[in-house]
Structure formats: structure tokens, C-alpha cells
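Heads up, input-v4.txt below (compact mmCIF, C-alpha atoms and all ligand atoms):
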# COMPACT_ATOMS: atom_id res chain seq x y z
CA MET A 1 -37.86 -86.17 83.67
CA ASN A 2 -40.08 -83.19 84.32
CA LYS A 3 -42.42 -84.34 87.05
CA PRO A 4 -46.03 -83.20 86.68
CA SER A 5 -47.67 -81.07 89.32
CA ILE A 6 -49.61 -83.00 91.96
CA TYR A 7 -52.27 -80.26 91.76
CA GLY A 8 -53.39 -81.74 88.46
CA LEU A 9 -55.01 -84.77 90.07
CA THR A 10 -58.61 -84.79 91.22
CA LEU A 11 -59.13 -86.45 94.59
CA ASP A 12 -60.39 -89.62 92.88
CA GLN A 13 -57.42 -89.72 90.51
CA LEU A 14 -55.00 -89.30 93.43
CA THR A 15 -56.77 -92.03 95.43
CA ASP A 16 -56.59 -94.48 92.52
CA TRP A 17 -52.94 -93.74 91.92
CA LEU A 18 -52.04 -94.22 95.61
CA VAL A 19 -53.90 -97.54 95.79
CA GLU A 20 -52.24 -98.75 92.57
CA ASN A 21 -48.93 -97.99 94.21
CA GLY A 22 -49.60 -99.90 97.41
CA GLN A 23 -50.71 -97.01 99.61
CA LYS A 24 -53.83 -96.78 101.73
CA LYS A 25 -56.83 -94.95 100.33
CA PHE A 26 -57.09 -92.49 103.22
CA ARG A 27 -53.70 -91.01 102.36
CA ALA A 28 -55.33 -89.07 99.54
CA ALA A 29 -57.45 -86.99 101.92
CA GLN A 30 -54.40 -86.37 104.12
CA ILE A 31 -52.35 -85.20 101.13
CA TRP A 32 -55.14 -82.90 99.98
CA ASP A 33 -55.39 -81.42 103.47
CA TRP A 34 -51.67 -80.57 103.35
CA LEU A 35 -51.92 -79.18 99.81
CA TYR A 36 -55.10 -77.15 100.00
CA LYS A 37 -55.80 -76.39 103.69
CA LYS A 38 -52.37 -76.19 105.28
CA ARG A 39 -50.84 -75.31 101.91
CA VAL A 40 -47.32 -76.68 102.35
CA THR A 41 -44.95 -76.59 99.39
CA GLU A 42 -42.79 -79.69 100.10
CA PHE A 43 -43.93 -83.30 100.40
CA SER A 44 -41.53 -83.72 103.34
CA GLN A 45 -43.68 -81.27 105.33
CA MET A 46 -46.62 -83.71 105.24
CA LYS A 47 -45.97 -84.94 108.77
CA ASN A 48 -48.58 -87.67 109.05
CA LEU A 49 -47.41 -89.57 105.95
CA ASN A 50 -44.96 -92.44 106.24
CA ASN A 51 -41.59 -92.17 104.56
CA ASP A 52 -42.54 -94.59 101.80
CA CYS A 53 -45.47 -92.47 100.81
CA ILE A 54 -43.40 -89.28 100.82
CA ALA A 55 -40.72 -90.99 98.70
CA LEU A 56 -43.36 -92.22 96.25
CA LEU A 57 -44.78 -88.72 95.88
CA GLU A 58 -41.35 -87.14 95.48
CA GLU A 59 -40.36 -89.64 92.84
CA ASN A 60 -43.42 -89.04 90.68
CA TYR A 61 -44.77 -85.55 91.29
CA ALA A 62 -43.71 -82.01 91.99
CA ILE A 63 -45.73 -79.50 94.00
CA GLN A 64 -44.42 -76.39 92.32
CA THR A 65 -43.56 -76.30 88.63
CA LEU A 66 -44.17 -72.61 87.94
CA GLN A 67 -41.56 -69.99 88.61
CA GLU A 68 -42.54 -66.40 89.26
CA GLU A 69 -40.75 -64.14 86.77
CA ILE A 70 -42.49 -60.82 87.28
CA LYS A 71 -45.07 -59.51 89.73
CA GLN A 72 -46.65 -56.16 88.90
CA VAL A 73 -48.78 -54.51 91.55
CA SER A 74 -51.30 -51.90 90.43
CA LYS A 75 -52.50 -48.89 92.43
CA ASP A 76 -55.95 -50.49 92.66
CA GLY A 77 -54.54 -53.67 94.23
CA THR A 78 -54.62 -55.76 91.03
CA ILE A 79 -51.57 -58.00 90.82
CA LYS A 80 -50.33 -59.45 87.57
CA PHE A 81 -48.03 -62.47 87.73
CA LEU A 82 -45.86 -63.65 84.88
CA PHE A 83 -44.90 -67.29 85.44
CA LYS A 84 -42.30 -69.36 83.65
CA LEU A 85 -43.30 -72.97 82.98
CA LYS A 86 -40.82 -75.84 83.23
CA ASP A 87 -40.32 -75.75 79.44
CA GLY A 88 -39.53 -72.04 79.54
CA ASN A 89 -42.88 -70.81 78.20
CA LEU A 90 -44.41 -67.75 79.85
CA ILE A 91 -48.00 -67.39 81.08
CA GLU A 92 -49.99 -64.72 82.92
CA THR A 93 -52.25 -64.83 85.94
CA VAL A 94 -54.08 -61.84 87.42
CA LEU A 95 -55.48 -61.24 90.90
CA MET A 96 -58.29 -58.67 91.05
CA ARG A 97 -59.96 -57.18 94.12
CA PHE A 98 -63.73 -56.67 94.09
CA ASN A 99 -66.11 -55.71 96.87
CA TYR A 100 -67.44 -59.28 96.73
CA GLY A 101 -64.03 -60.97 97.04
CA LEU A 102 -60.75 -61.80 95.38
CA SER A 103 -60.90 -63.10 91.84
CA VAL A 104 -58.11 -64.77 89.87
CA CYS A 105 -57.95 -64.83 86.08
CA VAL A 106 -56.18 -67.96 84.84
CA THR A 107 -54.46 -68.92 81.61
CA THR A 108 -55.32 -72.23 79.93
CA GLN A 109 -52.95 -72.37 76.94
CA VAL A 110 -49.57 -71.02 75.87
CA GLY A 111 -50.81 -68.65 73.16
CA CYS A 112 -54.10 -69.05 71.34
CA ASN A 113 -55.00 -70.38 67.90
CA ILE A 114 -58.31 -68.57 67.65
CA GLY A 115 -56.47 -65.40 66.63
CA CYS A 116 -59.08 -62.71 67.34
CA THR A 117 -57.98 -59.50 65.67
CA PHE A 118 -58.13 -57.37 68.84
CA CYS A 119 -56.39 -59.70 71.31
CA ALA A 120 -52.77 -59.72 72.48
CA SER A 121 -52.93 -63.44 73.35
CA GLY A 122 -53.86 -64.41 69.84
CA LEU A 123 -50.81 -62.69 68.36
CA LEU A 124 -48.78 -65.80 69.05
CA ARG A 125 -50.08 -69.15 67.90
CA LYS A 126 -50.72 -71.78 70.49
CA ASN A 127 -47.53 -73.45 71.58
CA ARG A 128 -49.24 -76.02 73.79
CA ASP A 129 -52.13 -76.65 76.17
CA LEU A 130 -51.54 -76.20 79.88
CA THR A 131 -51.94 -79.29 82.03
CA SER A 132 -54.65 -79.23 84.68
CA GLY A 133 -51.86 -79.05 87.27
CA GLU A 134 -50.43 -75.91 85.70
CA ILE A 135 -53.84 -74.26 85.76
CA VAL A 136 -54.53 -75.16 89.42
CA GLU A 137 -50.99 -74.10 90.33
CA GLN A 138 -51.72 -70.56 89.16
CA ILE A 139 -54.46 -70.31 91.78
CA MET A 140 -52.23 -71.92 94.41
CA ASN A 141 -49.37 -69.52 93.71
CA VAL A 142 -51.68 -66.56 94.14
CA GLN A 143 -53.07 -68.10 97.34
CA HIS A 144 -49.52 -68.68 98.62
CA HIS A 145 -48.78 -65.02 97.89
CA LEU A 146 -51.85 -64.04 99.95
CA ASP A 147 -50.86 -66.45 102.74
CA ALA A 148 -47.42 -64.83 102.90
CA GLU A 149 -49.04 -61.42 103.39
CA ALA A 150 -50.82 -62.93 106.43
CA LYS A 151 -54.01 -60.90 106.05
CA ASP A 152 -56.13 -64.03 106.10
CA GLU A 153 -57.30 -63.44 102.51
CA ARG A 154 -58.53 -66.19 100.25
CA VAL A 155 -59.15 -66.51 96.54
CA SER A 156 -62.95 -66.65 96.37
CA HIS A 157 -63.66 -66.33 92.64
CA ILE A 158 -62.07 -67.56 89.41
CA VAL A 159 -62.44 -66.36 85.84
CA VAL A 160 -61.06 -68.57 83.09
CA MET A 161 -60.31 -65.57 80.87
CA GLY A 162 -56.54 -65.43 80.63
CA ILE A 163 -54.47 -66.48 77.64
CA GLY A 164 -56.01 -69.25 75.54
CA GLU A 165 -59.35 -70.75 74.59
CA PRO A 166 -60.47 -72.96 77.51
CA PHE A 167 -62.79 -75.07 75.33
CA ASP A 168 -59.82 -75.90 73.08
CA ASN A 169 -58.24 -77.53 76.17
CA TYR A 170 -61.49 -79.00 77.41
CA ASP A 171 -60.47 -82.06 79.44
CA ASN A 172 -57.68 -80.35 81.35
CA MET A 173 -59.96 -77.39 82.03
CA MET A 174 -62.65 -79.73 83.41
CA ASP A 175 -60.13 -81.46 85.72
CA PHE A 176 -59.03 -78.03 86.88
CA LEU A 177 -62.64 -77.05 87.65
CA HIS A 178 -63.23 -80.25 89.63
CA VAL A 179 -60.06 -79.76 91.69
CA VAL A 180 -60.68 -76.13 92.69
CA ASN A 181 -64.38 -76.74 93.29
CA ASP A 182 -63.95 -79.82 95.50
CA GLN A 183 -64.99 -79.14 99.10
CA LYS A 184 -62.03 -81.13 100.36
CA GLY A 185 -59.71 -78.87 98.37
CA LEU A 186 -59.89 -75.12 97.81
CA SER A 187 -63.67 -75.34 97.85
CA ILE A 188 -64.24 -72.41 95.49
CA GLY A 189 -67.97 -72.41 94.78
CA ALA A 190 -68.96 -73.33 91.22
CA ARG A 191 -71.19 -70.25 91.11
CA HIS A 192 -68.07 -68.17 91.80
CA ILE A 193 -66.30 -69.53 88.73
CA THR A 194 -66.79 -68.28 85.16
CA VAL A 195 -65.43 -69.87 81.99
CA SER A 196 -65.24 -67.68 78.90
CA THR A 197 -65.26 -69.06 75.37
CA SER A 198 -64.91 -67.48 71.96
CA GLY A 199 -67.86 -69.65 70.92
CA LEU A 200 -66.89 -73.27 70.18
CA ALA A 201 -70.48 -74.38 69.71
CA GLU A 202 -69.97 -78.15 70.12
CA LYS A 203 -68.07 -77.65 73.37
CA ILE A 204 -70.76 -75.30 74.70
CA LYS A 205 -73.17 -78.23 74.36
CA ASP A 206 -70.74 -80.59 76.11
CA PHE A 207 -70.38 -78.06 78.90
CA ALA A 208 -74.16 -77.85 79.25
CA ASP A 209 -74.18 -81.62 79.83
CA GLU A 210 -71.56 -81.51 82.60
CA ASN A 211 -73.98 -80.98 85.43
CA ILE A 212 -71.74 -78.40 87.10
CA GLN A 213 -72.93 -74.99 88.30
CA VAL A 214 -70.00 -73.04 86.80
CA ASN A 215 -70.97 -69.87 84.90
CA LEU A 216 -70.48 -69.51 81.17
CA ALA A 217 -69.47 -66.37 79.28
CA VAL A 218 -69.56 -66.22 75.49
CA SER A 219 -67.38 -63.70 73.65
CA LEU A 220 -69.85 -62.42 71.10
CA HIS A 221 -68.40 -59.02 70.15
CA ALA A 222 -70.66 -58.57 67.11
CA PRO A 223 -74.37 -59.12 66.40
CA ASN A 224 -74.06 -60.28 62.78
CA ASN A 225 -71.86 -62.73 60.88
CA GLU A 226 -70.20 -60.25 58.59
CA LEU A 227 -68.86 -58.12 61.42
CA ARG A 228 -68.12 -61.07 63.70
CA THR A 229 -66.07 -62.84 61.02
CA ARG A 230 -64.16 -59.61 60.45
CA ILE A 231 -63.05 -59.36 64.06
CA MET A 232 -63.06 -63.05 65.09
CA LYS A 233 -62.16 -65.56 62.42
CA ILE A 234 -63.62 -68.39 64.55
CA ASN A 235 -66.98 -67.15 63.30
CA ARG A 236 -66.26 -68.90 60.00
CA ALA A 237 -66.26 -72.28 61.74
CA PHE A 238 -69.01 -71.38 64.21
CA PRO A 239 -71.20 -68.67 62.70
CA LEU A 240 -74.20 -67.34 64.60
CA GLU A 241 -76.46 -70.05 63.10
CA LYS A 242 -74.33 -72.62 64.95
CA LEU A 243 -73.41 -70.60 68.01
CA MET A 244 -76.87 -69.39 69.02
CA PRO A 245 -78.52 -72.85 68.93
CA ALA A 246 -75.68 -74.12 71.16
CA VAL A 247 -76.39 -71.21 73.52
CA ASP A 248 -80.10 -72.10 73.49
CA TYR A 249 -79.25 -75.72 74.27
CA TYR A 250 -77.13 -74.57 77.23
CA LEU A 251 -79.90 -72.31 78.54
CA GLU A 252 -82.53 -74.99 78.22
CA LYS A 253 -80.39 -77.65 79.83
CA THR A 254 -79.01 -75.60 82.74
CA ASN A 255 -81.43 -72.71 83.19
CA ARG A 256 -78.33 -70.70 84.10
CA ARG A 257 -77.76 -67.16 82.91
CA ILE A 258 -75.12 -66.63 80.21
CA THR A 259 -72.92 -63.58 80.02
CA PHE A 260 -72.27 -62.25 76.53
CA GLU A 261 -69.05 -60.31 76.27
CA TYR A 262 -68.95 -57.45 73.82
CA ILE A 263 -65.76 -55.43 73.31
CA LEU A 264 -66.61 -51.97 72.10
CA LEU A 265 -64.35 -51.00 69.20
CA LYS A 266 -64.63 -47.42 67.98
CA ASP A 267 -66.59 -47.06 64.74
CA VAL A 268 -66.45 -50.84 64.19
CA ASN A 269 -69.16 -52.44 66.32
CA ASP A 270 -70.33 -49.60 68.58
CA HIS A 271 -73.06 -47.94 66.46
CA LYS A 272 -76.69 -47.74 67.47
CA GLU A 273 -77.46 -50.14 64.63
CA GLU A 274 -75.34 -52.89 66.22
CA ALA A 275 -76.91 -52.27 69.62
CA LEU A 276 -80.34 -52.75 68.04
CA GLN A 277 -79.20 -55.91 66.23
CA LEU A 278 -77.75 -57.28 69.46
CA ALA A 279 -80.99 -56.59 71.34
CA LYS A 280 -82.87 -58.44 68.62
CA LEU A 281 -80.46 -61.37 68.66
CA LEU A 282 -80.93 -61.82 72.40
CA LYS A 283 -84.61 -60.92 72.57
CA ASN A 284 -85.93 -64.44 73.12
CA LYS A 285 -83.41 -65.17 75.88
CA ARG A 286 -83.48 -61.82 77.66
CA HIS A 287 -84.38 -63.35 81.01
CA LEU A 288 -81.23 -65.50 80.99
CA SER A 289 -78.78 -63.08 79.37
CA TYR A 290 -76.40 -60.45 80.61
CA VAL A 291 -74.32 -58.36 78.24
CA ASN A 292 -70.95 -57.28 79.55
CA LEU A 293 -69.74 -54.28 77.56
CA ILE A 294 -65.95 -54.21 77.61
CA PRO A 295 -64.01 -51.04 76.87
CA TYR A 296 -61.26 -52.09 74.45
CA ASN A 297 -57.83 -52.24 75.98
CA PRO A 298 -55.44 -50.94 73.32
CA VAL A 299 -52.86 -53.48 72.12
CA ASP A 300 -49.82 -52.03 70.29
CA GLU A 301 -49.93 -54.60 67.48
CA HIS A 302 -53.61 -54.05 66.76
CA ASN A 303 -53.52 -50.34 65.99
CA GLN A 304 -56.47 -50.64 63.61
CA TYR A 305 -58.71 -50.48 66.69
CA GLN A 306 -59.44 -47.75 69.16
CA ARG A 307 -61.50 -47.60 72.28
CA SER A 308 -65.05 -46.34 71.80
CA THR A 309 -65.79 -42.88 73.13
CA LYS A 310 -67.58 -42.53 76.48
CA GLU A 311 -70.62 -41.15 74.64
CA ALA A 312 -70.75 -44.16 72.30
CA ILE A 313 -70.47 -46.56 75.25
CA VAL A 314 -73.26 -44.80 77.14
CA GLU A 315 -75.49 -44.76 74.07
CA PHE A 316 -74.89 -48.43 73.29
CA TYR A 317 -75.65 -49.34 76.89
CA GLY A 318 -78.77 -47.18 76.89
CA THR A 319 -80.10 -48.76 73.71
CA LEU A 320 -79.71 -52.26 75.14
CA LEU A 321 -81.43 -51.23 78.37
CA GLU A 322 -84.29 -49.62 76.46
CA HIS A 323 -84.85 -52.98 74.79
CA GLY A 324 -84.93 -54.86 78.05
CA ILE A 325 -81.44 -56.39 77.82
CA ASN A 326 -79.59 -56.74 81.15
CA CYS A 327 -76.19 -55.20 80.72
CA GLY A 328 -73.28 -53.44 82.35
CA VAL A 329 -69.97 -51.86 81.46
CA ARG A 330 -66.98 -53.78 82.77
CA THR A 331 -64.93 -51.87 85.30
CA GLU A 332 -61.28 -51.96 84.52
CA HIS A 333 -58.55 -53.29 86.72
CA GLY A 334 -54.85 -52.59 86.67
CA THR A 335 -54.82 -50.28 83.66
CA ASP A 336 -51.41 -49.03 84.83
CA ILE A 337 -49.87 -52.53 84.58
CA ASP A 338 -50.46 -54.04 81.10
CA ALA A 339 -53.82 -55.33 82.21
CA ALA A 340 -55.19 -56.56 78.88
CA CYS A 341 -54.97 -60.30 78.44
CA GLY A 342 -51.62 -61.39 77.11
CA GLN A 343 -50.05 -57.94 77.10
CA LEU A 344 -47.43 -58.53 79.77
CA ARG A 345 -46.47 -61.82 78.16
CA SER A 346 -46.18 -60.45 74.65
CA LYS A 347 -44.09 -57.50 75.91
CA GLN A 348 -41.77 -59.83 77.81
CA ILE A 349 -41.35 -62.13 74.80
CA LYS A 350 -40.44 -59.13 72.65
CA LYS A 351 -37.88 -58.00 75.24
CA ASP A 352 -36.38 -61.49 75.42
CA LYS A 353 -36.07 -61.55 71.62
CA VAL A 354 -34.25 -58.21 71.61
CA ARG A 355 -31.86 -59.49 74.28
CA SER A 356 -30.97 -62.75 72.55
N1 LIG B 401 -60.51 -67.24 74.77
C1 LIG B 401 -61.58 -66.95 75.62
C2 LIG B 401 -61.15 -66.52 77.01
C3 LIG B 401 -59.96 -65.63 77.09
S1 LIG B 401 -60.19 -64.00 76.43
C4 LIG B 401 -62.50 -65.91 75.00
O1 LIG B 401 -62.13 -65.33 73.99
O2 LIG B 401 -63.59 -65.73 75.53
C5 LIG B 401 -61.19 -63.28 77.70
C6 LIG B 401 -61.88 -62.01 77.32
O3 LIG B 401 -60.96 -60.94 77.13
C7 LIG B 401 -62.65 -62.17 76.02
O4 LIG B 401 -63.97 -61.69 76.12
C8 LIG B 401 -61.83 -61.33 75.10
O5 LIG B 401 -62.59 -60.91 74.05
C9 LIG B 401 -61.33 -60.22 76.01
N2 LIG B 401 -60.23 -59.45 75.43
C10 LIG B 401 -59.23 -59.89 74.65
N3 LIG B 401 -58.45 -58.87 74.23
C11 LIG B 401 -58.97 -57.75 74.76
C12 LIG B 401 -58.61 -56.37 74.68
N4 LIG B 401 -57.55 -55.95 73.99
N5 LIG B 401 -59.39 -55.48 75.35
C13 LIG B 401 -60.46 -55.89 76.06
N6 LIG B 401 -60.83 -57.17 76.18
C14 LIG B 401 -60.10 -58.11 75.53
FE1 LIG B 402 -57.94 -66.45 71.97
FE2 LIG B 402 -59.88 -65.38 73.53
FE3 LIG B 402 -57.82 -63.89 72.61
FE4 LIG B 402 -59.67 -64.73 70.92
S1 LIG B 402 -59.97 -63.30 72.66
S2 LIG B 402 -57.44 -64.76 70.57
S3 LIG B 402 -60.15 -66.70 71.75
S4 LIG B 402 -57.69 -65.59 74.02
Would you put the structure from the file into C-alpha cells?
Ligand code: SAH
Ligand code: SF4
Amino acid sequence: MNKPSIYGLTLDQLTDWLVENGQKKFRAAQIWDWLYKKRVTEFSQMKNLNNDCIALLEENYAIQTLQEEIKQVSKDGTIKFLFKLKDGNLIETVLMRFNYGLSVCVTTQVGCNIGCTFCASGLLRKNRDLTSGEIVEQIMNVQHHLDAEAKDERVSHIVVMGIGEPFDNYDNMMDFLHVVNDQKGLSIGARHITVSTSGLAEKIKDFADENIQVNLAVSLHAPNNELRTRIMKINRAFPLEKLMPAVDYYLEKTNRRITFEYILLKDVNDHKEEALQLAKLLKNKRHLSYVNLIPYNPVDEHNQYQRSTKEAIVEFYGTLLEHGINCGVRTEHGTDIDAACGQLRSKQIKKDKVRS
């Protein structure tokens, strides 16, 4: 039997499980201290547990289920990890260095069914959802890597922007958020965590009702239905008439600012006309909006797209600013190491196919 990762349990879930199995309640806090503060990787290292408790844990759970396959280090300090899951599937996790801290980009699914036409992750259909444990473990593996370097560095931010659509794996993603946010665990502040969705309107509303301070980013990429459907087929199920009311509901309920992501694709969605349409679309929520303009990261399989020119990016940005829209151009990380989401994984899968 493949044992699940212990990292998948929230503190309450672990407490309940221990009590059901004849252990004392307080063991849960001790186990979490070993996992998240002392960060051991074997149950037998949890010195203040009795042997029965250690045996129970070993019988039912694993601490590490991911295996590091590749680690690429970029000149700018970005590190991209390719992990192999117990069932042989490959996933990616990226560590990025910012002046405000260390941010990790996590994967939530093996592949993605949303199939956006510009994205390397969507090239392969979803094979399965990740468990909450597998998502937390990505953060833990990066933290263990930092611990081994002994520079006293800590993962301070998380972006749920790796392979997959987090709102298509909603419950596991929520468990993951509760585990990493818990003060007794890694204690990563909710305001330091951002979840990005391609726009599953119903789930945006559910997320608004969660009463959690985690940031939301919506991948918009186009200011009208025709263009958005062309580049993201999810727009057929959730066109702007469904997406924008869900966004409004979120804003009203949480009063938290939303980031709108907008990949700039040369001669596709980067004209002045689209900038004006975007400004109009966001006009009534300007005070709670931020547009993140993303230079397109070329993906071999999607050669119909090119990166917008610098001039087009500057003009688009300028038009938004002129119309009072908060915006910025995303700085790139690790461009020398297959940095675009899903690129390392899709390259590795191709290599494996050639080999076999
Ligand atoms: N599925 C979610 C989260 C993962 S994708 C979503 O779509 O929001 C995270 C971000 O990376 C999205 O904004 C996505 O549009 C962007 N992205 C995907 N492929 C890209 C590429 N080739 N170049 C630049 N950004 C890309
Ligand atoms: Fe999936 Fe996001 Fe890629 Fe679209 S951009 S295919 S939703 S991972």
C-alpha cells in the first residue's frame, strides 16, 4: 500500500485520527512540532513520542512521498524542482527569490484539463489531482533544501500557480492552505499566499465565503469573450458575464484586492484597443484591482504565439495607467531554466518517451 503523506492532515484531522487510534490528543501538537519546526524526516526521530505512537504513524503514513528527479538552479537564484510522485507522475515546484522574501510556486494537479492555448501545463490532460499532502510536501521539500544550505532561510510566500487549476482540486487545495497557514505549523501568513484561477466562477464565490485572508489572482488574458474564448476555452463555460459577477461577489464579500493576470501575446491581445477594453471592464472596481501584465514565455508546442514587443508592452501598460488602473509588468525569474509553468515537466516527459 502506498501510504499517504502525513503533511496532508490539518492539525484537527491529525488530532481526531490519533484519538480514534487510542493516542492522547496532545501528541498531535508534538508531531507537528517535529514536522514543521524541527523538520525531521523520519517518525523515529520524534523523540518524545512513545514507541506505540511511532509504530502507529509508521504503519499508516509516510513523511516523504516525493522524490527529487531534477534540480535546476538559475543565475538569479531561482530553483526549479522536478519531483516524481509515488505513482511515477512528474510535477514541478519553483523557488523564487524576491526582495521581500522567498516564494514557492506549487503544482496542484498532474496536468490540466483547462487546456489554455498558450500554456505548457495544459498540453497534457489532467492525469489526477494532487493530494493535500503532496502539495504541502512540495513546500517542505524546498524548506528542507534551504535547511540543508544552513543559511537560516525560510519560505515566506506561496503562489499556487504551478501545473493545474487549483479550483478544480478545491478541497485538497483548501486543506493545503490551512496546513501551511496554521501558526503551529509553517505559519506562512495568509496575506503572503496567492491562489491563481483560470476563472471557475462558482468556485470563486465559494472561495469568497471561506473567511481566509489568502489573495486571489484571476487569469483574465483578454477583455472580451471572443478573444478570451479563442485563447482560453474555459471561457465557453464561464464567459465574462459569469466570471465578472463572481469577481464582484468576491470583492464585496472580502474587500480584498484581486490581481488580474494578463499574458501579452504579440498581435493577439496586446493592441491599444484591448487595453482600453480592459480598462473599461475593470473601471468600477479600480480601487480593488491590480493588473499583472505577463510577458509570454514561449512554449515550443504553441508556436502560434510570440512575446509582445517591448514597445507594445510599454504602451499597453501606459494606457491602463492613464485610465487609472493599477498595474505592473511581471519580472521574470529563471528564464535560463525552462521557467514557464510546465515546461520542465513536458520536456522531461518527451525525453522519457524517446528513451522508452
Ligand atoms: N491554472 C491556474 C494557475 C496556474 S497557471 C491559472 O491559469 O491561473 C499560472 C499562471 O501562469 C497563469 O496566469 C497562466 O496564464 C500563466 N502562464 C501559463 N503559461 C504561460 C506562458 N507560456 N507564459 C507566461 N505565463 C504563462
Ligand atoms: Fe491550466 Fe492554468 Fe495552464 Fe490554463 S494556464 S492550462 S488553467 S495551468
Of the residues A:Lys283, A:Ser289, A:Leu251, A:Gln304, which is the one nearest to A:His323, using all atoms listed in the file? A:Lys283
Show me, as CSV, the residues of stretch 134-245 of chain A having an atom within 8 Å of stretch 57-68 of chain A, each with the closest atom pair and its distance in Å, using only C-alpha atoms.
residue,atom,partner,partner_atom,distance
A:Glu134,CA,A:Leu66,CA,7.4
A:Glu137,CA,A:Gln64,CA,7.2
A:Gln138,CA,A:Leu66,CA,7.9
Please return as a VMD selection string the residues found within 9 Å of ligand LIG 401 (chain B), counting all atoms listed in the file. chain A and resid 106 to 108 112 114 116 to 122 159 to 168 195 to 199 217 to 221 260 to 264 292 294 to 299 302 307 339 to 343
For A:Thr309, find every residue with an atom within 10 Å (counting all atoms listed in the file), except residues of its own chain fewer than 5 positions away, and show them as a list in words. Leu264, Leu265, Lys266, Asp267, Asp270, Pro295, Val314 and Glu315 of chain A
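Distance-wise, atom CA of A:Asn21 and atom CA of A:Val40 end up 22.9 Å apart.
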Please, what distance in Å, to one decimal, runs between atom CA of A:Lys38 and atom CA of A:Ala190?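 Distance between the two atoms: 21.9 Å.
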For each of A:Leu35, A:Tyr250, A:Glu226, A:Asn99, take the minimum atom-to-atom distance to A:Lys184, counting only C-alpha atoms, then give the residue where this is smallest.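 Among the listed residues, the smallest separation from A:Lys184 belongs to A:Leu35.
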So the first atom is atom CA of A:Lys37 and the second is atom CA of A:Gly8; what is the distance between them in Å, to one decimal place?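 Answer for the atom CA of A:Lys37 to atom CA of A:Gly8 separation: 16.3 Å.
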Point (-64.2, -76.4, 97.7), cut-off 10 Å, counting all atoms listed in the file, residues as a compact mmCIF listing (two decimals) with C-alpha atoms, in the coordinates of the input:
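Below is the file that was written, point_36.txt:
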# COMPACT_ATOMS: atom_id res chain seq x y z
CA TYR A 36 -55.10 -77.15 100.00
CA SER A 156 -62.95 -66.65 96.37
CA HIS A 178 -63.23 -80.25 89.63
CA VAL A 179 -60.06 -79.76 91.69
CA VAL A 180 -60.68 -76.13 92.69
CA ASN A 181 -64.38 -76.74 93.29
CA ASP A 182 -63.95 -79.82 95.50
CA GLN A 183 -64.99 -79.14 99.10
CA LYS A 184 -62.03 -81.13 100.36
CA GLY A 185 -59.71 -78.87 98.37
CA LEU A 186 -59.89 -75.12 97.81
CA SER A 187 -63.67 -75.34 97.85
CA ILE A 188 -64.24 -72.41 95.49
CA GLY A 189 -67.97 -72.41 94.78
CA ALA A 190 -68.96 -73.33 91.22
Choose the residue, out of A:Ile231, A:Met244, A:Ile193, A:Met173, that has the smallest atom-to-atom separation from ligand LIG 402 (chain B); count all atoms listed in the file. A:Ile231
Nearest to ligand LIG 402 (chain B), chosen from A:Lys242, A:Lys25, A:His333, A:Arg125, with only C-alpha atoms and all ligand atoms counted in the distances: A:Arg125
Between A:Ala150, A:Ala275, A:Leu11, A:Val142, smallest distance to A:Lys71 by all atoms listed in the file belongs to A:Val142
Top pick for closest residue to ligand LIG 402 (chain B), considering A:Gly115, A:Pro239, A:Gly77, A:Gly22 and counting all atoms listed in the file: A:Gly115
Near A:Leu243, counting all atoms listed in the file, which residues have an atom at most 9 Å away, once you skip same-chain residues fewer than 4 positions from it, shown as number ranges by chain? A: 199-202, 204, 235, 238-239, 247-248
Test item: which residues lie within 8 Å of (-69.8, -74.1, 86.0) counting only C-alpha atoms, as a ChimeraX atom specification: /A:177,190-191,193-195,212-216
Polymer residues at most 9 Å from A:Arg39, only C-alpha atoms, same-chain spacing of 3 or more positions, as a PyMOL selection string: chain A and resi 32-36+140+143-144+147
Export C-alpha atoms of the chosen residues as a tab-separated table (two decimals), in the frame of the given file?
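Output file result.tsv follows:
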chain	number	residue	atom	x	y	z
A	32	TRP	CA	-55.14	-82.90	99.98
A	33	ASP	CA	-55.39	-81.42	103.47
A	34	TRP	CA	-51.67	-80.57	103.35
A	35	LEU	CA	-51.92	-79.18	99.81
A	36	TYR	CA	-55.10	-77.15	100.00
A	140	MET	CA	-52.23	-71.92	94.41
A	143	GLN	CA	-53.07	-68.10	97.34
A	144	HIS	CA	-49.52	-68.68	98.62
A	147	ASP	CA	-50.86	-66.45	102.74
Complete the atom set of stretch 143-147 of chain A to all heavy atoms and return it as a compact mmCIF listing (two decimals), in the frame of the given file.
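Contents of the output file out10.txt:
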# COMPACT_ATOMS: atom_id res chain seq x y z
N GLN A 143 -52.67 -67.88 95.95
CA GLN A 143 -53.07 -68.10 97.34
C GLN A 143 -51.85 -68.11 98.26
O GLN A 143 -51.88 -67.54 99.35
CB GLN A 143 -53.86 -69.42 97.46
CG GLN A 143 -54.45 -69.66 98.84
CD GLN A 143 -55.42 -68.57 99.28
OE1 GLN A 143 -56.40 -68.30 98.62
NE2 GLN A 143 -55.11 -67.91 100.41
N HIS A 144 -50.75 -68.70 97.81
CA HIS A 144 -49.52 -68.68 98.62
C HIS A 144 -49.03 -67.24 98.81
O HIS A 144 -48.55 -66.89 99.88
CB HIS A 144 -48.41 -69.51 97.96
CG HIS A 144 -48.67 -71.00 98.02
ND1 HIS A 144 -48.26 -71.87 97.04
CD2 HIS A 144 -49.34 -71.77 98.93
CE1 HIS A 144 -48.64 -73.11 97.36
NE2 HIS A 144 -49.30 -73.06 98.48
N HIS A 145 -49.16 -66.43 97.77
CA HIS A 145 -48.78 -65.02 97.89
C HIS A 145 -49.64 -64.34 98.97
O HIS A 145 -49.12 -63.60 99.81
CB HIS A 145 -48.96 -64.32 96.53
CG HIS A 145 -48.98 -62.83 96.61
ND1 HIS A 145 -47.83 -62.07 96.58
CD2 HIS A 145 -50.00 -61.96 96.77
CE1 HIS A 145 -48.15 -60.80 96.71
NE2 HIS A 145 -49.46 -60.70 96.82
N LEU A 146 -50.95 -64.63 98.94
CA LEU A 146 -51.85 -64.04 99.95
C LEU A 146 -51.51 -64.56 101.35
O LEU A 146 -51.50 -63.80 102.32
CB LEU A 146 -53.32 -64.37 99.62
CG LEU A 146 -53.87 -63.74 98.33
CD1 LEU A 146 -55.22 -64.35 97.98
CD2 LEU A 146 -53.98 -62.23 98.47
N ASP A 147 -51.22 -65.86 101.43
CA ASP A 147 -50.86 -66.45 102.74
C ASP A 147 -49.62 -65.75 103.31
O ASP A 147 -49.56 -65.47 104.50
CB ASP A 147 -50.57 -67.96 102.60
CG ASP A 147 -51.83 -68.76 102.25
OD1 ASP A 147 -52.95 -68.22 102.40
OD2 ASP A 147 -51.68 -69.93 101.81
